[in-house]
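> Dumping the structure here so I can ask a few things about it.
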Amino acid sequence: MFTVIARLILRNRILMLCLLFLATATMVYQGSKVRVSYNFSRLLPKNDSTQIFYENFQQTFTQVGNTVVLAAEEVDLFSKEHYDTWRHFEDSLTSIKGVSGVLSPISAFALQRNDSLKKLEVVSINHELPTVNRNEVLRERYKRLPFYQNLLYSADEKSPLMLLYIDNDFLYNENIIRIIEQIKIQIEDFEARSGLKIHVSGLPYIRMANTRKVSKEILLFIVMAISVTSLLLYFFLRSFRAMGISMLVVVIGVCFTFGLIGSFDFQISLLTALIPTLIIVIGVPNCIFLINKFHSEYKGHGNKILALQRVIRKVGNATLLTNFTTALGFAAFILTDSTVLVEFGIVASINILMVFVISIIIIPISYSFSKPPKKRHYRHLDKRWINGFMNFLESAVTHHRKLVYVATVGLAALAVYGTTQIYTTGNMSEEYSEKDPLLIDLKYLERQFGGVVPLEIVIDTKRKNGVQKPATLKRIERLEQALAEVPGISKPLSIVDGIKFAKQGFYRGDPAFYALPTSQERSFIMSYLPKGENENLSILNTMVDSRGRYARISLQAADLDTEESKVLHKRIQDLANDIFPRERYGVTLTGASIIFLKGTSYLIKNLIISLLLAIAVITIIMILLFRSFAMVVVSLIPNLFPLILTAGIMGWFGIPLKPSTILVFSIAFGISVDDTIHFLAKYRQELRASNWNIGYSVIRSLRETGVSMFYTSIILFFGFSVFIASEFGGTVSLGVLVSVTLVIAMLSNLIILPSLLLSLEKLVLDPNFNHPLITLYKRDEEIEEEEPLKKHVP
């Protein structure tokens with residue numbers, strides 16, 4: 001097949017370049033449509049019951065996850081010193097287009113009875129303030145409203161809270177960036193004028209912090225990856241031409257990445273943002289294998305065109321298959337039900353194969369137009385330090401195999417014990433460092449108000465207007481009282497609080513009447529309630545559905561890790577089940593807290609399944625490739641050993657198992673198995689050439705593939721290390737762990753694999769090994785029999 005491909009490429013160089021240019025231009029156009037996601041990535045499948053219930057909840061109730069929370073440190077807003085400044089601050093925030101409302105202690109509202117209209121009117125507590133002792137009167141009015149107790153002021157009454165409600169029409173599009181940026185500008189201005197410290201959080205704010213960081217890091221990673229890999233390429237190959245051609249390949253690959261994201265109408269998420277850098281880092285090894293082979297061939301016979309056609313014919317199959325196995329490691333994500341993983345798997349796997357196509361076109365054609373390489377261009381093949389490294393490897397596998405096995409078993413034992421120390425975690429703030437202002441603000445709000453992550457309790461009365469029944473209201477009140485004793489959550493809010501608020505207003509604002517009305521009071525108090533969507537009552541208007549069947553208890557939870565969240569949710573569910581009989585009521589927990597917890601657990605499970613699936617599929621490919629079960633077992637050992645060792649490192653160093661860290665294993669396995677395929681394919685070629693001299697074939701294979709494997713592993717190590725610059729803790733862990741795993745994988749394939757081949761020579765030397773279903777490396781005599789291309793290419 002690759003004989004035909006070589007002819008096609010080298011005979012039609014201009015045509016191939018034109019087609020590639022048109023395809024790249026199309027991808028650039030499609031990539032110009034790509035947008036960063038303004039929402040949290042969907043972790044659960046669309047048909048998951050928890051996801052379906054949450055989406056139905058969002059449609060039934062409004063005011064879901066649209067609140068930005070601001071808190072000031074130790075300030076008395078009712079003092080003359082701070083009242084006017086805070087009031088001006090509120091007004092500036094209210095003027096922002098997209099902010100639908102603001103609520104704080106000094107802008108709180110009360111219900112005032114109007115007997116002439118026979119209704120309760122919504123009035124601000126600032127209404128008709130006297131000129132004398134204005135601030136003290138305002139303070140007294142606020143304190144007479146139990147509804148706001150622990151809601152707008154911390155329990156110690158030192159930290160006031162402000163709630164900003166974002167219009168739903170502006171919540172999930174580019175407008176939210178403008179809104180959040182304007183909020184931040186007003187906060188900075190207020191802090192400068194007042195000398196007070198403002199802490200800000202809430203789902204819209206956290207989401208936009210993610211979006212801005214993702215947008216910034218895409219370009220940062222691309223620039224860093226290109227810079228690092230290009231410097232390493234020049235250091236290894238000592239050729240600006242080789243470096244430039246390789247960079248051209250990966251830059252076109254990046255264009256295809258954004259083009260595919262746009263073509264599939266995907267948005268850039270935290271995961272898909274990593275793909276351009278992955279393509280650069282994974283694409284460079286293709287270039288190294290092809291360029292090294294070209295230099296090696298040219299060094300041997302001095303014929304540039306023959307060297308180029310042999311590059312395609314000799315290593316084309318091997319490079320395609322190694323790219324295919326790497327792509328399989330990512331393609332396994334497509335079989336999961338997680339939208340974010342499916343999108344990641346589709347784009348990454350297709351792009352890895354596209355980079356192979358780009359490299360097999362660009363590199364031979366570029367060198368066909370250029371002058372033949374000079375001695376200094378392939379002198380890197382004989383560098384003293386490289387030869388010294390190869391001599392070390394040869395000595396290890398020929399004279400120190402027992403030491404290799406003892407070290408391998410010892411490290412594996414330590415790693416297995418380390419894996420028992422791994423724990424699972426997953427929460428919204430886990431990706432942020434302890435010094436990140438976002439995390440500092442979040443933790444402050446948790447300490448003062450219990451939390452900011454929305455957690456909802458939905459009571460299904462199983463009948464129309466069931467919420468209005470006195471028994472239901474009393475049960476909700478009991479549940480709220482029980483929840484007040486639960487740590488890690490904020491003050492709950494429900495229709496019960498609204499009805500109590502209404503009763504207090506009916507009785508002229510007397511706080512003694514802040515209670516559920518009696519059966520006699522209910523009819524006339526309820527008739528006084530304001531009708532319609534009064535914006536000042538927006539916090540209460542969404543506590544019951546339109547049919548009166550479902551009641552909602554809203555609270556905010558602390559951003560706990562996976563196990564702590566499970567304990568908290570179970571405690572709340574148990575309290576609700578004790579108060580609401582299951583035969584008469586249905587109680588369901590939902591909200592961002594529940595979705596994120598279950599989504600994280602689901603994602604980890606799917607990542608484990610995808611890893612096992614990738615291992616299984618690649619094993620089948622190895623069986624087809626080598627037709628020897630013993631050889632497949634031997635080849636898997638040096639690839640599974642790095643994964644076990646990495647898992648052990650995670651356990652020993654307290655690195656938790658979460659979506660970003662478990663992703664390491666699929667990426668690393670898909671890449672490391674490439675080295676094994678290259679080595680074993682070369683080993684089989686040498687066996688046939690040396691009349692089945694195993695020792696000679698192992699050493700020849702080691703020296704032939706070792707240089708390229710070393711180069712590519714070093715580039716992969718430093719390439720993935722660029723992720724350390726991320727502000728997301730998970731991305732940092734991904735970069736560190738993949739880099740370490742790939743270095744371990746390189747040493748495993750260059751030490752453990754050859755050692756096993758030499759020690760188990762009779763076991764692995766299956767006659768079928770010499771008759772593969774897929775031939776990766778052709779023998780020189782086979783290539784020489786094929787029609788030369790020199791006459792077709794100047």
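How things are named: the first chain in the structure tokens is A, the next is B, and so on; residues count from 1 in each chain; ligands count from 1 in the order shown.
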Can you pull out the residues contacting Arg310 in chain A? Cut-off 9 Å, using only C-alpha atoms, and skip same-chain residues under 3 positions away; I want them as JSON, numbers by chain.
{"A": [3, 6, 293, 294, 297, 305, 306, 307, 313, 314, 315, 316, 780, 783]}
> Out of A:Arg463, A:Leu734, A:Val200, A:Arg13, which residue has the shortest atom-to-atom distance to Ser368 in chain A when counting only C-alpha atoms?
A:Arg13
> From the options A:Val707, A:Leu757, A:Ile198, A:Ala407, which residue's atoms come nearest to Asn693 in chain A, counting only C-alpha atoms?
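Looking only at the distances to Asn693 in chain A, the closest residue turns out to be A:Leu757.
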> Write out as a PyMOL selection string the residues lying within 12 Å of Ile744 in chain A, counting only C-alpha atoms and excluding same-chain residues fewer than 2 positions away.
chain A and resi 408+411+638-646+649+668-669+672+675+710+713-714+716-717+737-742+746-752
> Go through range 152-261 of chain A and flag each residue having an atom no more than 10 Å from range 354-365 of chain A; for those, report the closest pair of atoms plus their distance in Å to one decimal, using only C-alpha atoms, ordered by chain and rising number, as CSV.

```
residue,atom,partner,partner_atom,distance
A:Ala242,CA,A:Ile363,CA,8.8
A:Ile245,CA,A:Ile363,CA,6.6
A:Ser246,CA,A:Ile363,CA,7.7
A:Leu248,CA,A:Ile362,CA,8.2
A:Val249,CA,A:Ser359,CA,5.8
A:Val250,CA,A:Val355,CA,7.1
A:Val251,CA,A:Val355,CA,9.7
A:Ile252,CA,A:Ile358,CA,7.7
A:Gly253,CA,A:Val355,CA,5.5
A:Val254,CA,A:Val355,CA,9.0
A:Phe256,CA,A:Met354,CA,7.9
A:Thr257,CA,A:Met354,CA,9.3
```
> How would the residues just picked look written out with N, CA and C atoms as a compact mmCIF listing (two decimals), in the first residue's frame?

```
# COMPACT_ATOMS: atom_id res chain seq x y z
N ALA A 242 14.91 21.02 9.41
CA ALA A 242 14.11 19.97 10.05
C ALA A 242 13.15 20.56 11.08
N ILE A 245 10.27 22.44 9.12
CA ILE A 245 9.32 21.51 8.49
C ILE A 245 8.43 20.87 9.55
N SER A 246 9.03 20.48 10.67
CA SER A 246 8.25 19.85 11.75
C SER A 246 7.22 20.82 12.33
N LEU A 248 5.88 23.32 10.80
CA LEU A 248 4.83 23.51 9.79
C LEU A 248 3.79 22.39 9.90
N VAL A 249 4.25 21.18 10.11
CA VAL A 249 3.34 20.03 10.25
C VAL A 249 2.39 20.23 11.43
N VAL A 250 2.95 20.58 12.60
CA VAL A 250 2.10 20.68 13.79
C VAL A 250 1.21 21.92 13.76
N VAL A 251 1.67 23.00 13.14
CA VAL A 251 0.83 24.20 13.04
C VAL A 251 -0.38 23.90 12.16
N ILE A 252 -0.16 23.19 11.05
CA ILE A 252 -1.30 22.77 10.22
C ILE A 252 -2.22 21.84 11.03
N GLY A 253 -1.60 20.98 11.84
CA GLY A 253 -2.40 20.09 12.70
C GLY A 253 -3.27 20.88 13.67
N VAL A 254 -2.73 21.96 14.22
CA VAL A 254 -3.51 22.82 15.13
C VAL A 254 -4.67 23.46 14.38
N PHE A 256 -6.25 22.21 11.88
CA PHE A 256 -7.25 21.16 11.71
C PHE A 256 -8.01 20.91 13.02
N THR A 257 -7.33 21.08 14.14
CA THR A 257 -7.99 20.88 15.44
C THR A 257 -9.15 21.86 15.61
```
> Could you jot down the CA of Leu103 in chain A to CA of Tyr165 in chain A separation for me, Å, one decimal place?
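Separation between CA of Leu103 in chain A and CA of Tyr165 in chain A: 8.5 Å.
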> Run DSSP on the backbone and tell me which residues of range 266-396 of chain A come out as alpha helix (DSSP H); list them as number ranges by chain.
A: 275-301, 304-331, 339-369, 384-396
> Write out as an MDAnalysis selection string which residues come within 10 Å of Leu77 in chain A when counting only C-alpha atoms, dropping same-chain ones fewer than 5 positions away.
chainID A and resid 72 82:87 104:106 135 139 158:160
> Restrict the selected residues to N, CA, C and O atoms and save them as a PDB file, in the first residue's frame.

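Output file selection.pdb follows:
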```pdb
ATOM      1  N   ALA A  72     -18.811  41.563  52.181  1.00  0.00           N
ATOM      2  CA  ALA A  72     -17.789  42.482  52.683  1.00  0.00           C
ATOM      3  C   ALA A  72     -17.289  42.003  54.032  1.00  0.00           C
ATOM      4  O   ALA A  72     -18.027  41.372  54.792  1.00  0.00           O
ATOM      5  N   HIS A  82     -20.485  54.084  56.246  1.00  0.00           N
ATOM      6  CA  HIS A  82     -20.518  53.137  55.129  1.00  0.00           C
ATOM      7  C   HIS A  82     -21.832  53.110  54.365  1.00  0.00           C
ATOM      8  O   HIS A  82     -21.874  52.567  53.259  1.00  0.00           O
ATOM      9  N   TYR A  83     -22.891  53.659  54.923  1.00  0.00           N
ATOM     10  CA  TYR A  83     -24.203  53.526  54.280  1.00  0.00           C
ATOM     11  C   TYR A  83     -24.216  54.131  52.872  1.00  0.00           C
ATOM     12  O   TYR A  83     -24.603  53.465  51.896  1.00  0.00           O
ATOM     13  N   ASP A  84     -23.809  55.386  52.735  1.00  0.00           N
ATOM     14  CA  ASP A  84     -23.876  56.056  51.431  1.00  0.00           C
ATOM     15  C   ASP A  84     -22.967  55.390  50.401  1.00  0.00           C
ATOM     16  O   ASP A  84     -23.332  55.268  49.224  1.00  0.00           O
ATOM     17  N   THR A  85     -21.788  54.969  50.845  1.00  0.00           N
ATOM     18  CA  THR A  85     -20.851  54.320  49.923  1.00  0.00           C
ATOM     19  C   THR A  85     -21.429  53.010  49.399  1.00  0.00           C
ATOM     20  O   THR A  85     -21.341  52.704  48.202  1.00  0.00           O
ATOM     21  N   TRP A  86     -22.012  52.238  50.309  1.00  0.00           N
ATOM     22  CA  TRP A  86     -22.607  50.950  49.910  1.00  0.00           C
ATOM     23  C   TRP A  86     -23.813  51.180  49.003  1.00  0.00           C
ATOM     24  O   TRP A  86     -24.023  50.447  48.040  1.00  0.00           O
ATOM     25  N   ARG A  87     -24.595  52.207  49.319  1.00  0.00           N
ATOM     26  CA  ARG A  87     -25.766  52.523  48.501  1.00  0.00           C
ATOM     27  C   ARG A  87     -25.349  52.876  47.077  1.00  0.00           C
ATOM     28  O   ARG A  87     -25.965  52.423  46.098  1.00  0.00           O
ATOM     29  N   SER A 104     -29.531  43.439  49.339  1.00  0.00           N
ATOM     30  CA  SER A 104     -28.557  43.492  50.431  1.00  0.00           C
ATOM     31  C   SER A 104     -29.272  44.020  51.668  1.00  0.00           C
ATOM     32  O   SER A 104     -30.451  44.403  51.595  1.00  0.00           O
ATOM     33  N   PRO A 105     -28.623  44.062  52.824  1.00  0.00           N
ATOM     34  CA  PRO A 105     -29.314  44.518  54.038  1.00  0.00           C
ATOM     35  C   PRO A 105     -29.947  45.893  53.908  1.00  0.00           C
ATOM     36  O   PRO A 105     -31.039  46.120  54.442  1.00  0.00           O
ATOM     37  N   ILE A 106     -29.317  46.837  53.210  1.00  0.00           N
ATOM     38  CA  ILE A 106     -29.887  48.187  53.163  1.00  0.00           C
ATOM     39  C   ILE A 106     -30.904  48.347  52.030  1.00  0.00           C
ATOM     40  O   ILE A 106     -31.567  49.383  51.937  1.00  0.00           O
ATOM     41  N   ASN A 135     -30.002  56.266  60.034  1.00  0.00           N
ATOM     42  CA  ASN A 135     -29.315  54.964  59.982  1.00  0.00           C
ATOM     43  C   ASN A 135     -29.768  54.028  61.085  1.00  0.00           C
ATOM     44  O   ASN A 135     -29.904  52.815  60.872  1.00  0.00           O
ATOM     45  N   ARG A 139     -31.536  50.425  60.656  1.00  0.00           N
ATOM     46  CA  ARG A 139     -31.021  49.237  61.326  1.00  0.00           C
ATOM     47  C   ARG A 139     -32.150  48.515  62.071  1.00  0.00           C
ATOM     48  O   ARG A 139     -32.264  47.300  62.005  1.00  0.00           O
ATOM     49  N   LYS A 158     -21.188  40.619  61.267  1.00  0.00           N
ATOM     50  CA  LYS A 158     -20.029  41.415  60.866  1.00  0.00           C
ATOM     51  C   LYS A 158     -19.831  41.453  59.351  1.00  0.00           C
ATOM     52  O   LYS A 158     -19.131  42.329  58.848  1.00  0.00           O
ATOM     53  N   SER A 159     -20.406  40.483  58.647  1.00  0.00           N
ATOM     54  CA  SER A 159     -20.178  40.395  57.204  1.00  0.00           C
ATOM     55  C   SER A 159     -21.502  40.482  56.450  1.00  0.00           C
ATOM     56  O   SER A 159     -22.297  39.548  56.466  1.00  0.00           O
ATOM     57  N   PRO A 160     -21.776  41.607  55.768  1.00  0.00           N
ATOM     58  CA  PRO A 160     -23.013  41.729  54.981  1.00  0.00           C
ATOM     59  C   PRO A 160     -22.888  41.030  53.634  1.00  0.00           C
ATOM     60  O   PRO A 160     -21.795  40.899  53.082  1.00  0.00           O
TER      61      PRO A 160
END
```
> Using only C-alpha atoms, which protein or nucleic acid residues come within 9 Å of range 126-134 of chain A? Drop anything in the same chain fewer than 5 positions from it, and give the result as a ChimeraX atom specification.
/A:80,106-109,139,141
> Excluding Ser349 in chain A and any residue of its chain fewer than 3 positions from it, enumerate the residues within 9 Å of it, using only C-alpha atoms, and give them as a list in words.
Phe324, Thr326, Ala327, Leu328, Gly329, Phe330, Ala331, Phe344, Gly345, Ile346, Ile352, Leu353 and Met354 of chain A
